[in-house]
>>> print(open('work01.cif').read())   # mmCIF, C-alpha atoms
data_run
#
loop_
_atom_site.label_atom_id
_atom_site.label_comp_id
_atom_site.auth_asym_id
_atom_site.auth_seq_id
_atom_site.Cartn_x
_atom_site.Cartn_y
_atom_site.Cartn_z
CA MET U 1 31.27 -7.14 -104.60
CA ALA U 2 33.41 -4.06 -104.33
CA VAL U 3 30.29 -1.91 -104.06
CA THR U 4 29.27 -1.19 -100.47
CA GLU U 5 25.57 -1.80 -100.14
CA LEU U 6 23.59 -0.24 -97.36
CA PRO U 7 21.85 -2.95 -95.32
CA PRO U 8 18.04 -2.76 -95.38
CA VAL U 9 16.59 -1.20 -92.23
CA ALA U 10 14.64 -4.39 -91.44
CA GLN U 11 17.91 -6.29 -91.50
CA VAL U 12 19.45 -3.85 -89.03
CA TRP U 13 16.49 -4.34 -86.66
CA ASP U 14 17.12 -8.10 -86.83
CA TRP U 15 20.77 -7.55 -85.95
CA LEU U 16 19.86 -5.28 -83.06
CA ALA U 17 17.52 -8.00 -81.77
CA GLU U 18 20.70 -10.04 -81.19
CA VAL U 19 22.14 -7.41 -78.82
CA PRO U 20 21.34 -8.43 -75.23
CA ASP U 21 20.63 -6.01 -72.39
CA PRO U 22 23.86 -6.15 -70.35
CA GLU U 23 22.04 -6.39 -67.01
CA ILE U 24 19.19 -8.67 -68.08
CA PRO U 25 20.73 -10.67 -70.94
CA VAL U 26 17.56 -12.70 -71.67
CA ILE U 27 15.99 -9.68 -73.37
CA SER U 28 17.40 -7.71 -76.28
CA VAL U 29 17.71 -3.97 -76.64
CA VAL U 30 14.80 -4.21 -79.12
CA ASP U 31 12.63 -6.08 -76.56
CA LEU U 32 13.49 -3.35 -74.05
CA GLY U 33 12.03 -0.73 -76.39
CA ILE U 34 15.04 1.58 -76.27
CA ILE U 35 15.77 1.55 -80.03
CA ARG U 36 13.65 4.45 -81.24
CA ASP U 37 14.66 4.62 -84.89
CA VAL U 38 16.93 3.09 -87.50
CA ALA U 39 17.54 5.06 -90.70
CA HIS U 40 20.10 5.90 -93.33
CA GLU U 41 21.34 9.44 -93.65
CA GLY U 42 23.26 9.34 -96.89
CA ASP U 43 25.83 6.58 -96.42
CA THR U 44 25.60 6.70 -92.64
CA LEU U 45 23.45 4.34 -90.63
CA VAL U 46 21.86 6.26 -87.74
CA VAL U 47 20.50 4.38 -84.73
CA ARG U 48 18.58 6.42 -82.18
CA VAL U 49 18.69 5.03 -78.64
CA THR U 50 16.85 6.33 -75.58
CA PRO U 51 18.14 5.71 -72.04
CA THR U 52 15.97 3.76 -69.58
CA TYR U 53 16.89 5.62 -66.39
CA SER U 54 18.96 8.78 -66.80
CA GLY U 55 21.70 7.44 -64.53
CA CYS U 56 21.62 3.81 -65.62
CA PRO U 57 25.26 2.68 -65.86
CA ALA U 58 24.28 0.13 -68.53
CA THR U 59 23.59 2.91 -71.05
CA ALA U 60 27.23 3.31 -72.08
CA VAL U 61 27.67 -0.46 -72.33
CA ILE U 62 24.54 -0.73 -74.48
CA THR U 63 25.86 1.87 -76.92
CA PHE U 64 29.16 -0.02 -77.10
CA GLU U 65 27.42 -3.37 -77.68
CA ILE U 66 25.25 -1.92 -80.45
CA GLU U 67 28.29 -0.50 -82.19
CA ALA U 68 30.22 -3.77 -81.81
CA LYS U 69 27.34 -5.79 -83.30
CA LEU U 70 26.82 -3.50 -86.27
CA ARG U 71 30.56 -3.29 -86.99
CA GLU U 72 30.69 -7.09 -86.89
CA LYS U 73 27.93 -7.14 -89.50
CA GLY U 74 30.02 -4.91 -91.73
CA VAL U 75 28.46 -1.50 -91.12
CA ALA U 76 31.22 1.02 -91.76
CA ALA U 77 29.54 4.42 -91.42
CA LEU U 78 27.58 4.43 -88.18
CA ARG U 79 26.24 7.03 -85.80
CA ILE U 80 24.45 6.30 -82.53
CA ASP U 81 22.36 9.23 -81.30
CA ARG U 82 20.87 9.66 -77.86
CA GLN U 83 17.20 10.58 -77.95
CA LEU U 84 15.62 11.81 -74.70
CA SER U 85 12.14 12.62 -75.85
CA PRO U 86 9.65 11.07 -75.56
CA PRO U 87 11.05 9.51 -72.39
CA TRP U 88 11.33 5.74 -72.22
CA THR U 89 8.43 3.94 -70.61
CA THR U 90 8.03 0.30 -69.62
CA ASP U 91 4.93 0.33 -71.85
CA TRP U 92 7.43 -0.07 -74.71
CA LEU U 93 8.64 -3.47 -73.48
CA SER U 94 7.63 -5.98 -76.15
CA ALA U 95 5.15 -8.78 -75.41
CA GLU U 96 7.91 -11.23 -76.21
CA GLY U 97 10.26 -9.39 -73.86
CA ARG U 98 7.72 -9.62 -71.03
CA GLU U 99 7.44 -13.39 -71.45
CA LYS U 100 11.23 -13.74 -71.49
CA LEU U 101 11.43 -11.72 -68.26
CA ARG U 102 8.85 -13.91 -66.54
CA ALA U 103 10.62 -17.10 -67.63
CA TYR U 104 13.87 -15.64 -66.29
CA GLY U 105 12.29 -15.01 -62.85
CA ILE U 106 11.60 -11.28 -63.16
CA ALA U 107 7.96 -10.19 -62.90
CA PRO U 108 7.22 -7.96 -65.92
CA PRO U 109 5.68 -4.50 -65.38
CA VAL U 110 1.92 -4.44 -64.90
CA ASP U 111 0.34 -2.89 -67.99
CA GLY U 112 -1.06 0.58 -67.95
CA THR U 113 0.42 1.62 -64.62
CA ALA U 114 3.37 3.46 -66.14
CA THR U 115 3.75 7.17 -65.53
CA GLY U 116 1.25 9.92 -65.25
CA ALA U 117 0.02 8.77 -61.86
CA PRO U 118 -0.44 12.02 -59.96
CA VAL U 119 1.56 12.18 -56.78
CA ALA U 120 -1.53 12.75 -54.67
CA GLY U 121 -2.74 9.37 -55.90
CA ARG U 122 0.56 7.74 -55.10
CA ILE U 123 0.59 9.24 -51.62
CA ALA U 124 -3.01 8.20 -51.00
CA ARG U 125 -2.03 4.65 -51.83
CA LEU U 126 0.74 4.65 -49.24
CA GLY U 127 0.12 2.03 -46.63
CA GLY U 128 -2.27 0.17 -48.91
CA GLN U 129 -1.38 -2.67 -51.26
CA PRO U 130 -0.47 -0.76 -54.40
CA GLN U 131 -0.67 -3.38 -57.12
CA ALA U 132 -1.04 -7.14 -57.43
CA ILE U 133 2.24 -8.39 -58.86
CA ALA U 134 2.14 -12.09 -59.74
CA CYS U 135 5.05 -14.25 -58.56
CA PRO U 136 7.10 -15.30 -61.61
CA HIS U 137 7.96 -18.59 -59.90
CA CYS U 138 4.60 -20.01 -58.76
CA GLY U 139 2.14 -17.54 -60.29
CA ALA U 140 0.50 -16.59 -56.98
CA SER U 141 -0.74 -13.02 -56.76
CA ASP U 142 -0.25 -12.90 -52.98
CA THR U 143 3.07 -11.05 -53.01
CA ARG U 144 4.56 -8.13 -51.11
CA ARG U 145 6.96 -5.35 -51.92
CA VAL U 146 10.19 -5.58 -49.93
CA SER U 147 11.76 -2.46 -51.41
CA GLN U 148 10.81 -0.06 -54.14
CA PHE U 149 14.38 -0.24 -55.42
CA GLY U 150 16.26 -3.36 -56.47
CA SER U 151 19.46 -4.66 -57.98
CA THR U 152 19.27 -2.31 -60.96
CA PRO U 153 17.52 1.07 -61.39
CA CYS U 154 14.66 -0.55 -63.30
CA LYS U 155 13.71 -3.15 -60.68
CA ALA U 156 12.00 -3.37 -57.29
CA ALA U 157 12.43 -6.17 -54.73
CA TYR U 158 9.39 -8.37 -54.00
CA GLN U 159 8.66 -11.57 -52.12
CA CYS U 160 5.98 -14.17 -52.73
CA ASN U 161 3.83 -14.93 -49.68
CA ALA U 162 2.79 -18.30 -51.16
CA CYS U 163 6.10 -19.90 -52.16
CA LEU U 164 8.22 -17.46 -50.10
CA GLU U 165 10.66 -16.93 -52.97
CA PRO U 166 12.10 -13.43 -53.35
CA PHE U 167 11.94 -12.01 -56.87
CA ASP U 168 12.62 -8.86 -58.89
CA TYR U 169 9.77 -6.81 -60.31
CA PHE U 170 10.49 -4.73 -63.41
CA LYS U 171 8.90 -1.54 -62.12
CA CYS U 172 6.79 0.79 -64.18
CA ILE U 173 8.08 4.12 -65.28
CA MET Q 1 46.30 34.59 -56.45
CA PRO Q 2 43.30 36.74 -57.32
CA SER Q 3 41.19 38.15 -54.54
CA LEU Q 4 37.84 36.58 -53.86
CA PRO Q 5 35.77 39.31 -55.55
CA ASP Q 6 37.82 38.91 -58.74
CA MET Q 7 37.10 35.23 -58.80
CA MET Q 8 33.41 35.84 -58.41
CA THR Q 9 32.95 38.31 -61.22
CA LYS Q 10 33.90 36.19 -64.17
CA LEU Q 11 30.34 35.68 -65.42
CA ASP Q 12 29.71 37.97 -68.33
CA PRO Q 13 26.39 39.70 -67.61
CA SER Q 14 25.76 40.34 -71.30
CA GLY Q 15 25.70 36.61 -71.98
CA ALA Q 16 27.76 37.32 -75.09
CA ALA Q 17 29.72 34.11 -74.70
CA GLY Q 18 26.62 31.98 -75.24
CA GLY Q 19 26.31 30.83 -78.84
CA SER Q 20 22.70 29.76 -78.39
CA ALA Q 21 21.31 33.07 -77.15
CA SER Q 22 19.03 33.37 -80.16
CA ALA Q 23 17.62 29.85 -79.73
CA ALA Q 24 16.71 30.40 -76.08
CA PRO Q 25 13.94 32.85 -75.36
CA ALA Q 26 15.72 34.08 -72.24
CA PRO Q 27 19.14 35.68 -71.92
CA ALA Q 28 21.74 32.95 -71.94
CA ASP Q 29 23.33 34.00 -68.66
CA ALA Q 30 20.08 33.72 -66.73
CA LEU Q 31 19.39 30.34 -68.33
CA PHE Q 32 22.92 29.17 -67.52
CA GLU Q 33 22.46 30.22 -63.88
CA ALA Q 34 19.06 28.53 -63.66
CA LEU Q 35 20.41 25.29 -65.15
CA LEU Q 36 23.30 25.31 -62.67
CA ARG Q 37 20.78 25.59 -59.84
CA LEU Q 38 19.04 22.45 -61.05
CA GLY Q 39 22.17 20.48 -61.94
CA ASP Q 40 24.19 21.50 -58.90
CA SER Q 41 21.34 20.64 -56.55
CA THR Q 42 20.94 17.14 -58.02
CA LEU Q 43 24.74 16.70 -58.05
CA ILE Q 44 25.32 17.66 -54.43
CA LEU Q 45 22.30 15.73 -53.16
CA GLY Q 46 23.33 12.75 -55.29
CA HIS Q 47 26.80 12.89 -53.76
CA ARG Q 48 25.45 13.26 -50.23
CA VAL Q 49 23.08 10.31 -50.66
CA SER Q 50 25.87 8.21 -52.19
CA GLU Q 51 27.82 8.64 -48.94
CA TRP Q 52 25.37 6.12 -47.45
CA CYS Q 53 26.49 3.36 -49.80
CA GLY Q 54 27.43 0.42 -47.58
CA HIS Q 55 26.26 2.15 -44.37
CA ALA Q 56 22.45 2.02 -44.45
CA PRO Q 57 20.60 0.25 -41.60
CA VAL Q 58 19.31 -2.57 -43.85
CA LEU Q 59 20.34 -3.89 -47.26
CA GLU Q 60 17.14 -2.83 -49.04
CA GLU Q 61 17.55 0.75 -47.86
CA ASP Q 62 21.19 0.74 -48.86
CA ILE Q 63 20.15 -0.25 -52.38
CA ALA Q 64 17.34 2.30 -52.40
CA LEU Q 65 19.70 5.11 -51.38
CA ALA Q 66 22.27 4.09 -54.00
CA ASN Q 67 19.59 3.98 -56.69
CA THR Q 68 18.27 7.39 -55.70
CA ALA Q 69 21.79 8.81 -55.82
CA LEU Q 70 22.29 7.24 -59.23
CA ASP Q 71 19.11 8.83 -60.60
CA LEU Q 72 20.20 12.23 -59.28
CA ILE Q 73 23.70 11.95 -60.77
CA GLY Q 74 22.17 10.87 -64.09
CA GLN Q 75 19.90 13.91 -64.05
CA THR Q 76 22.95 16.04 -63.24
CA GLN Q 77 24.64 14.89 -66.44
CA LEU Q 78 21.62 16.10 -68.40
CA TRP Q 79 21.24 19.46 -66.63
CA LEU Q 80 24.95 20.31 -66.53
CA GLY Q 81 25.35 19.06 -70.10
CA LEU Q 82 22.72 21.56 -71.20
CA ALA Q 83 24.25 24.28 -68.99
CA ALA Q 84 27.62 23.74 -70.68
CA GLU Q 85 25.95 23.90 -74.11
CA VAL Q 86 24.13 27.12 -73.22
CA GLU Q 87 27.31 28.66 -71.82
CA GLY Q 88 29.08 27.94 -75.10
CA ALA Q 89 32.53 28.26 -73.55
CA GLY Q 90 33.75 24.81 -74.48
CA ARG Q 91 33.19 23.33 -71.02
CA SER Q 92 31.57 19.92 -70.50
CA ALA Q 93 29.25 18.64 -67.78
CA ASP Q 94 32.29 17.00 -66.17
CA ASP Q 95 34.23 20.27 -66.24
CA LEU Q 96 31.36 22.00 -64.46
CA ALA Q 97 31.07 19.25 -61.85
CA TYR Q 98 34.75 18.70 -61.11
CA LEU Q 99 36.55 21.92 -61.86
CA ARG Q 100 34.50 24.68 -60.26
CA ASP Q 101 34.96 25.94 -56.73
CA ALA Q 102 32.34 26.37 -54.03
CA TRP Q 103 31.40 29.96 -54.92
CA ASP Q 104 30.56 28.88 -58.48
CA PHE Q 105 28.08 26.26 -57.27
CA ARG Q 106 24.41 27.21 -57.29
CA ASN Q 107 22.88 24.32 -55.34
CA LEU Q 108 20.32 24.79 -52.60
CA LEU Q 109 21.79 24.93 -49.08
CA LEU Q 110 19.36 22.16 -48.09
CA VAL Q 111 21.15 19.53 -50.17
CA GLU Q 112 24.59 20.20 -48.68
CA ARG Q 113 23.36 19.60 -45.11
CA PRO Q 114 25.21 16.66 -43.53
CA ASN Q 115 23.45 13.31 -43.71
CA GLY Q 116 22.91 12.98 -39.96
CA ASP Q 117 21.10 9.77 -39.07
CA PHE Q 118 18.94 7.77 -41.49
CA GLY Q 119 15.85 9.74 -40.45
CA ALA Q 120 17.53 13.09 -41.13
CA THR Q 121 18.65 11.88 -44.55
CA LEU Q 122 15.10 10.79 -45.38
CA MET Q 123 13.59 14.02 -44.06
CA ARG Q 124 16.00 16.06 -46.23
CA GLN Q 125 15.10 13.85 -49.20
CA PHE Q 126 11.38 14.32 -48.63
CA LEU Q 127 11.60 18.12 -48.26
CA PHE Q 128 13.61 18.21 -51.51
CA ASP Q 129 11.45 15.69 -53.41
CA ALA Q 130 8.29 17.59 -52.50
CA TRP Q 131 9.82 20.57 -54.34
CA HIS Q 132 11.57 18.60 -57.08
CA GLN Q 133 8.48 16.75 -58.29
CA PRO Q 134 6.19 19.78 -58.93
CA MET Q 135 9.21 21.70 -60.23
CA LEU Q 136 9.88 19.06 -62.90
CA LYS Q 137 6.18 18.91 -63.69
CA GLY Q 138 6.27 22.65 -64.36
CA LEU Q 139 9.52 22.38 -66.32
CA GLU Q 140 7.89 19.81 -68.61
CA GLY Q 141 5.89 22.72 -70.00
CA SER Q 142 9.00 24.86 -70.55
CA SER Q 143 9.16 27.07 -73.61
CA ASP Q 144 12.68 25.66 -74.12
CA PRO Q 145 12.24 22.14 -75.55
CA ARG Q 146 15.67 21.07 -74.27
CA VAL Q 147 14.58 21.85 -70.71
CA ALA Q 148 11.19 20.21 -71.23
CA GLU Q 149 12.61 16.89 -72.40
CA ILE Q 150 15.07 16.59 -69.50
CA ALA Q 151 12.26 17.39 -67.06
CA ALA Q 152 9.99 14.76 -68.62
CA LYS Q 153 12.73 12.17 -68.26
CA ALA Q 154 13.68 13.09 -64.69
CA GLY Q 155 10.08 13.50 -63.54
CA ARG Q 156 9.35 9.79 -63.86
CA GLU Q 157 12.29 8.93 -61.65
CA VAL Q 158 11.55 11.58 -59.08
CA ALA Q 159 7.94 10.40 -58.69
CA TYR Q 160 9.47 7.22 -57.22
CA HIS Q 161 11.78 9.20 -54.94
CA LEU Q 162 8.87 11.18 -53.53
CA ASP Q 163 6.75 8.06 -53.13
CA ARG Q 164 9.48 6.44 -51.05
CA SER Q 165 10.61 9.45 -49.00
CA ALA Q 166 7.02 10.44 -48.11
CA ASP Q 167 6.28 6.85 -47.15
CA LEU Q 168 9.29 6.62 -44.85
CA VAL Q 169 8.70 10.03 -43.25
CA ILE Q 170 5.20 8.86 -42.36
CA ARG Q 171 6.36 5.47 -41.08
CA LEU Q 172 9.22 6.86 -39.01
CA GLY Q 173 7.31 9.93 -37.79
CA ASP Q 174 4.33 7.83 -36.77
CA GLY Q 175 6.57 5.00 -35.54
CA THR Q 176 8.22 4.45 -32.16
CA ASP Q 177 8.85 7.23 -29.62
CA GLU Q 178 12.50 7.18 -30.61
CA SER Q 179 11.89 7.37 -34.38
CA HIS Q 180 9.30 10.12 -33.85
CA ARG Q 181 11.72 12.13 -31.72
CA ARG Q 182 14.47 11.83 -34.33
CA MET Q 183 12.21 12.78 -37.24
CA GLN Q 184 10.90 15.84 -35.40
CA ALA Q 185 14.49 16.87 -34.59
CA ALA Q 186 15.47 16.43 -38.25
CA LEU Q 187 12.49 18.48 -39.39
CA ASP Q 188 13.27 21.27 -36.93
CA ASP Q 189 16.91 21.30 -38.05
CA LEU Q 190 16.17 21.31 -41.80
CA TRP Q 191 13.13 23.57 -41.88
CA PRO Q 192 15.09 26.88 -42.07
CA TYR Q 193 16.72 25.58 -45.27
CA THR Q 194 13.44 25.11 -47.14
CA GLY Q 195 12.67 28.74 -47.90
CA GLU Q 196 15.28 29.18 -50.59
CA MET Q 197 13.75 26.81 -53.14
CA LEU Q 198 10.31 28.37 -52.75
CA THR Q 199 11.29 32.04 -52.95
CA PRO Q 200 12.02 33.53 -56.38
CA ASP Q 201 14.95 35.90 -56.95
CA ALA Q 202 15.65 37.95 -60.09
CA THR Q 203 16.93 34.94 -62.06
CA ASP Q 204 13.90 32.84 -61.14
CA ALA Q 205 11.60 35.72 -62.08
CA ALA Q 206 13.33 36.19 -65.46
CA MET Q 207 13.02 32.49 -66.20
CA ALA Q 208 9.34 32.42 -65.23
CA GLU Q 209 8.71 35.54 -67.29
CA ALA Q 210 10.28 33.85 -70.33
CA GLY Q 211 8.19 30.72 -69.77
CA VAL Q 212 11.34 28.63 -69.37
CA MET Q 213 10.69 27.72 -65.74
CA PRO Q 214 7.60 27.62 -63.56
CA ASP Q 215 6.70 30.37 -61.12
CA LEU Q 216 8.16 29.41 -57.73
CA THR Q 217 5.22 30.88 -55.86
CA ALA Q 218 3.01 28.25 -57.53
CA ILE Q 219 5.54 25.53 -56.67
CA ALA Q 220 5.50 26.80 -53.08
CA ARG Q 221 1.72 26.28 -52.87
CA ASP Q 222 2.06 22.66 -54.05
CA TRP Q 223 4.96 22.10 -51.67
CA HIS Q 224 3.14 23.44 -48.62
CA ALA Q 225 0.03 21.39 -49.43
CA LEU Q 226 1.95 18.13 -49.84
CA VAL Q 227 4.34 18.69 -46.94
CA GLY Q 228 1.47 19.68 -44.65
CA ASP Q 229 -0.44 16.53 -45.57
CA VAL Q 230 2.52 14.18 -45.09
CA LEU Q 231 3.63 15.79 -41.81
CA ALA Q 232 0.10 15.45 -40.46
CA GLN Q 233 0.05 11.75 -41.34
CA ALA Q 234 3.50 11.42 -39.80
CA THR Q 235 2.21 13.08 -36.57
CA LEU Q 236 5.05 15.62 -36.86
CA ALA Q 237 4.64 19.27 -35.88
CA ARG Q 238 5.42 21.80 -38.56
CA PRO Q 239 8.02 24.22 -37.14
CA ASP Q 240 6.70 27.74 -36.68
CA GLY Q 241 9.96 29.62 -37.12
CA SER Q 242 9.90 31.91 -40.15
CA TYR Q 243 13.65 32.58 -40.39
CA MET Q 244 15.04 31.07 -43.59
CA HIS Q 245 18.67 30.71 -44.68
CA LYS Q 246 19.46 31.72 -48.23
CA GLY Q 247 22.43 32.18 -50.55
CA GLY Q 248 23.06 28.78 -52.14
CA LYS Q 249 21.37 29.80 -55.39
CA GLN Q 250 23.69 32.81 -55.59
CA GLY Q 251 26.87 30.95 -54.64
CA THR Q 252 27.11 31.70 -50.91
CA HIS Q 253 27.37 28.33 -49.21
CA THR Q 254 27.69 26.78 -45.78
CA GLU Q 255 31.04 25.37 -44.67
CA HIS Q 256 29.88 21.89 -45.66
CA LEU Q 257 30.10 22.34 -49.42
CA GLY Q 258 33.88 22.71 -49.43
CA TYR Q 259 34.30 19.34 -47.75
CA ILE Q 260 31.95 17.71 -50.25
CA LEU Q 261 33.91 19.17 -53.17
CA ALA Q 262 37.24 18.18 -51.64
CA GLU Q 263 36.13 14.57 -51.70
CA MET Q 264 34.19 14.67 -54.96
CA GLN Q 265 36.75 16.60 -56.99
CA PHE Q 266 40.00 15.23 -55.55
CA LEU Q 267 40.78 12.82 -58.34
CA GLN Q 268 40.23 15.29 -61.20
CA ARG Q 269 42.15 17.98 -59.33
CA ALA Q 270 45.10 15.73 -58.46
CA TYR Q 271 45.22 13.94 -61.82
CA PRO Q 272 43.75 16.35 -64.40
CA GLY Q 273 42.04 14.59 -67.28
CA ALA Q 274 42.23 11.17 -65.61
CA GLU Q 275 39.93 8.61 -67.25
CA TRP Q 276 39.22 4.94 -66.72
#
>>> encode(input="work01.cif", output="C-alpha cells")
Amino acid sequence: MAVTELPPVAQVWDWLAEVPDPEIPVISVVDLGIIRDVAHEGDTLVVRVTPTYSGCPATAVITFEIEAKLREKGVAALRIDRQLSPPWTTDWLSAEGREKLRAYGIAPPVDGTATGAPVAGRIARLGGQPQAIACPHCGASDTRRVSQFGSTPCKAAYQCNACLEPFDYFKCI
Amino acid sequence: MPSLPDMMTKLDPSGAAGGSASAAPAPADALFEALLRLGDSTLILGHRVSEWCGHAPVLEEDIALANTALDLIGQTQLWLGLAAEVEGAGRSADDLAYLRDAWDFRNLLLVERPNGDFGATLMRQFLFDAWHQPMLKGLEGSSDPRVAEIAAKAGREVAYHLDRSADLVIRLGDGTDESHRRMQAALDDLWPYTGEMLTPDATDAAMAEAGVMPDLTAIARDWHALVGDVLAQATLARPDGSYMHKGGKQGTHTEHLGYILAEMQFLQRAYPGAEW
C-alpha cells in the first residue's frame, strides 16, 4: 500500500479517454488523435501531445486538463511533452470520434482529403464544388460552404441546401 | 542613450553566443537571422490581420481573418521559439516579440503595409501566401530537422490561407467595376514590396548553401507562376514597374512598423513581466 505502483500504460489511455476536448466536449483528446505516446521513463509518466493548429488557444487548456485528470488518478511524477512531428492530421480522428461529431451536429472530415493536395489542384478547384459534405442534421449531400473558416481553427462553416440548417464542418488538414 | 549605430551592432558576428552551433549545419548567427525573418513576418502580418477583428464587412470574413491571424501568431511562437533556442542568450519567443525595437525586426516590408480596405488586405495576404506556401514546402526538406518539423506543421495551415486569398482575389478582381478598380489599385500599391521576399541576400544564400532553407530564386519561379495565373483569372493587370523596396530583412523598416510595435508591445513595456 505504501509502495507507489506505476499505472499500466493501457490504464493511462483509458483515463485520457475521459479528458474532453475543451471546444468540442463530445470527443476526447484520444478521439481527436492528439495523444501520440504514453510511456514511463523511470518513475515519470511521459505523455506526448501534438497540437492541432499551431495557434489553437485550446492547446494550453488541453495540457492543463490532461495534467488535472492524471493528478486526480494519483499520478505523481508526470511530464507532458509537445511533439510537433509528424504534424497532426484529421486522418487521426478515431472512427468513434467521427460518429460522436456527427451526432453532435458537426460534419466529420471527409476521409482521404487531408493534406498533400498540391496548391495547383486547390486553385484549379476554385469556383467548383470542392467536396460533397453530408449535412449532419438531415444527411443530404446537397450542401454549400459558407466560409472556409468557422468558430474554431479546425472548423469551416457550411449550410445545407435541403434542410437549410447551418452546420460546422471539421475541415481536413 | 546610445547612438543608433551602437544599438544596431549588438549581434555577435562570430555566433559564439549560440550554444547549438555544432548541431546546426550553418553558423548560428545566420540561422538566427533567417528564423527572425520567418517569425517576424508571421508576427507582424498576424498582428496586422488581427486589426480587422470586429471590423470585417461580413461575419464570416471577420472569423476567417481572425483565424488566419491566429494561425500566423501560432507559427510565430514556433519560429521565434526556435530562434531564441538557437541564439542561446536566455531569451524566449515572448522576449523576442515584445522587447525588441523596430531595427531588430527582420520582417518583410510587405507585411507591415497598412490594411487599407478589405481588398487591399486580401491582396497583401495573397501576395504573401503565394510566397509562404512554396517557402514552407521547401523548408520541409530542411537539413535542420527543427526547421523541417515547424514547416510541415505550418504548411498545412498556410495551404488554407492561400486557397482562400487566391479565391477572393479572383472573385473581387473579376467582380464589379468597383471591386476590380480597388483590387487593381491594391496590386499597384503593393507590387513594389514583393521583390524582397524573392531576392536572396548573403544570409539567404548561406542558408540555401547549408541546405537549411530553399533557394529563393526557385521560390520566385513558383511565385511568379502562381501569381501570374491568379491575376489572369482575376482580370488584373500585372504592374510593369521593376523598382522594388527592400530593407525589412536587414532591419530597415517603413514608418509603419513603429506604430505596430507601439500597440503590440505597450503592455509588456509598461508592465514588464505582466501575465494573466
>>> resolve_selection(input="work01.cif", expression="the PyMOL selection byres ((chain Q and resi 93-103) around 6)", output="PyMOL selection string")
chain Q and resi 80-81+91-92+104-105+251+265
>>> resolve_selection(input="work01.cif", expression="the PyMOL selection byres ((chain U and resi 136-152) around 9)", output="count of residues only")
42
>>> residues_around(input="work01.cif", residues="stretch 24-37 of chain U", least_positions_apart="6", cutoff="10 Å", atoms="all atoms listed in the file", output="ChimeraX atom specification")
/U:9,13-18,46-52,62,65-66,81-83,85-101,103-104,106,152
>>> closest_residue(input="work01.cif", among="U:Leu84, U:Val110, U:Val12, U:Ala39", to="chain Q", atoms="all atoms listed in the file")
U:Leu84
>>> residues_around(input="work01.cif", residues="Q:Leu136", least_positions_apart="5", cutoff="9 Å", atoms="only C-alpha atoms", output="number ranges by chain")
Q: 131, 141, 148, 150-152, 154-155, 158, 214
>>> atom_distance(input="work01.cif", atom1="atom CA of Q:Met123", atom2="atom CA of Q:Thr199")
20.2 Å
>>> resolve_selection(input="work01.cif", expression="the PyMOL selection byres ((chain Q and resi 185) around 12)", output="list in words")
Gly116, Asp117, Gly119, Ala120, Thr121, Met123, Arg124, Gly173, Glu178, Ser179, His180, Arg181, Arg182, Met183, Gln184, Ala186, Leu187, Asp188, Asp189, Leu190, Trp191, Leu236, Ala237, Arg238 and Pro239 of chain Q
>>> write_last_selection(input="work01.cif", atoms="C-alpha atoms", output="compact mmCIF listing (two decimals), in the frame of the given file")
# COMPACT_ATOMS: atom_id res chain seq x y z
CA GLY Q 116 22.91 12.98 -39.96
CA ASP Q 117 21.10 9.77 -39.07
CA GLY Q 119 15.85 9.74 -40.45
CA ALA Q 120 17.53 13.09 -41.13
CA THR Q 121 18.65 11.88 -44.55
CA MET Q 123 13.59 14.02 -44.06
CA ARG Q 124 16.00 16.06 -46.23
CA GLY Q 173 7.31 9.93 -37.79
CA GLU Q 178 12.50 7.18 -30.61
CA SER Q 179 11.89 7.37 -34.38
CA HIS Q 180 9.30 10.12 -33.85
CA ARG Q 181 11.72 12.13 -31.72
CA ARG Q 182 14.47 11.83 -34.33
CA MET Q 183 12.21 12.78 -37.24
CA GLN Q 184 10.90 15.84 -35.40
CA ALA Q 186 15.47 16.43 -38.25
CA LEU Q 187 12.49 18.48 -39.39
CA ASP Q 188 13.27 21.27 -36.93
CA ASP Q 189 16.91 21.30 -38.05
CA LEU Q 190 16.17 21.31 -41.80
CA TRP Q 191 13.13 23.57 -41.88
CA LEU Q 236 5.05 15.62 -36.86
CA ALA Q 237 4.64 19.27 -35.88
CA ARG Q 238 5.42 21.80 -38.56
CA PRO Q 239 8.02 24.22 -37.14
>>> atom_distance(input="work01.cif", atom1="atom CA of U:Asp43", atom2="atom CA of U:Ala68")
18.4 Å
>>> closest_residue(input="work01.cif", among="Q:Ser41, Q:Arg156, Q:Arg106, Q:Pro134", to="Q:Thr203", atoms="all atoms listed in the file")
Q:Arg106
>>> atom_distance(input="work01.cif", atom1="atom CA of U:Ile80", atom2="atom CA of Q:Glu85")
19.6 Å
>>> closest_residue(input="work01.cif", among="U:Pro109, U:Val19, U:Glu5, U:Val38", to="U:Ala76", atoms="only C-alpha atoms")
U:Glu5
>>> residues_near_point(input="work01.cif", point="(5.9, 30.4, -72.5)", cutoff="12 Å", atoms="all atoms listed in the file", output="NGL selection string")
:Q and (24-26 or 138-145 or 148 or 206-215)
>>> closest_residue(input="work01.cif", among="U:Ile173, U:Leu45, U:Leu70, U:Leu78", to="chain Q", atoms="all atoms listed in the file")
U:Ile173
>>> build_atoms(input="work01.cif", residues="stretch 55-60 of chain U", atoms="N, CA and C atoms", output="PDB file, keeping the file's coordinate frame")
ATOM      1  N   GLY U  55      20.389   7.764 -65.086  1.00  0.00           N
ATOM      2  CA  GLY U  55      21.700   7.440 -64.530  1.00  0.00           C
ATOM      3  C   GLY U  55      22.084   5.980 -64.680  1.00  0.00           C
ATOM      4  N   CYS U  56      21.351   5.246 -65.519  1.00  0.00           N
ATOM      5  CA  CYS U  56      21.620   3.810 -65.620  1.00  0.00           C
ATOM      6  C   CYS U  56      23.029   3.568 -66.180  1.00  0.00           C
ATOM      7  N   PRO U  57      23.884   2.887 -65.407  1.00  0.00           N
ATOM      8  CA  PRO U  57      25.260   2.680 -65.860  1.00  0.00           C
ATOM      9  C   PRO U  57      25.342   1.772 -67.092  1.00  0.00           C
ATOM     10  N   ALA U  58      24.261   1.037 -67.382  1.00  0.00           N
ATOM     11  CA  ALA U  58      24.280   0.130 -68.530  1.00  0.00           C
ATOM     12  C   ALA U  58      24.215   0.885 -69.858  1.00  0.00           C
ATOM     13  N   THR U  59      23.803   2.151 -69.815  1.00  0.00           N
ATOM     14  CA  THR U  59      23.590   2.910 -71.050  1.00  0.00           C
ATOM     15  C   THR U  59      24.849   2.951 -71.928  1.00  0.00           C
ATOM     16  N   ALA U  60      25.991   3.222 -71.306  1.00  0.00           N
ATOM     17  CA  ALA U  60      27.230   3.310 -72.080  1.00  0.00           C
ATOM     18  C   ALA U  60      27.603   1.941 -72.665  1.00  0.00           C
TER      19      ALA U  60
END
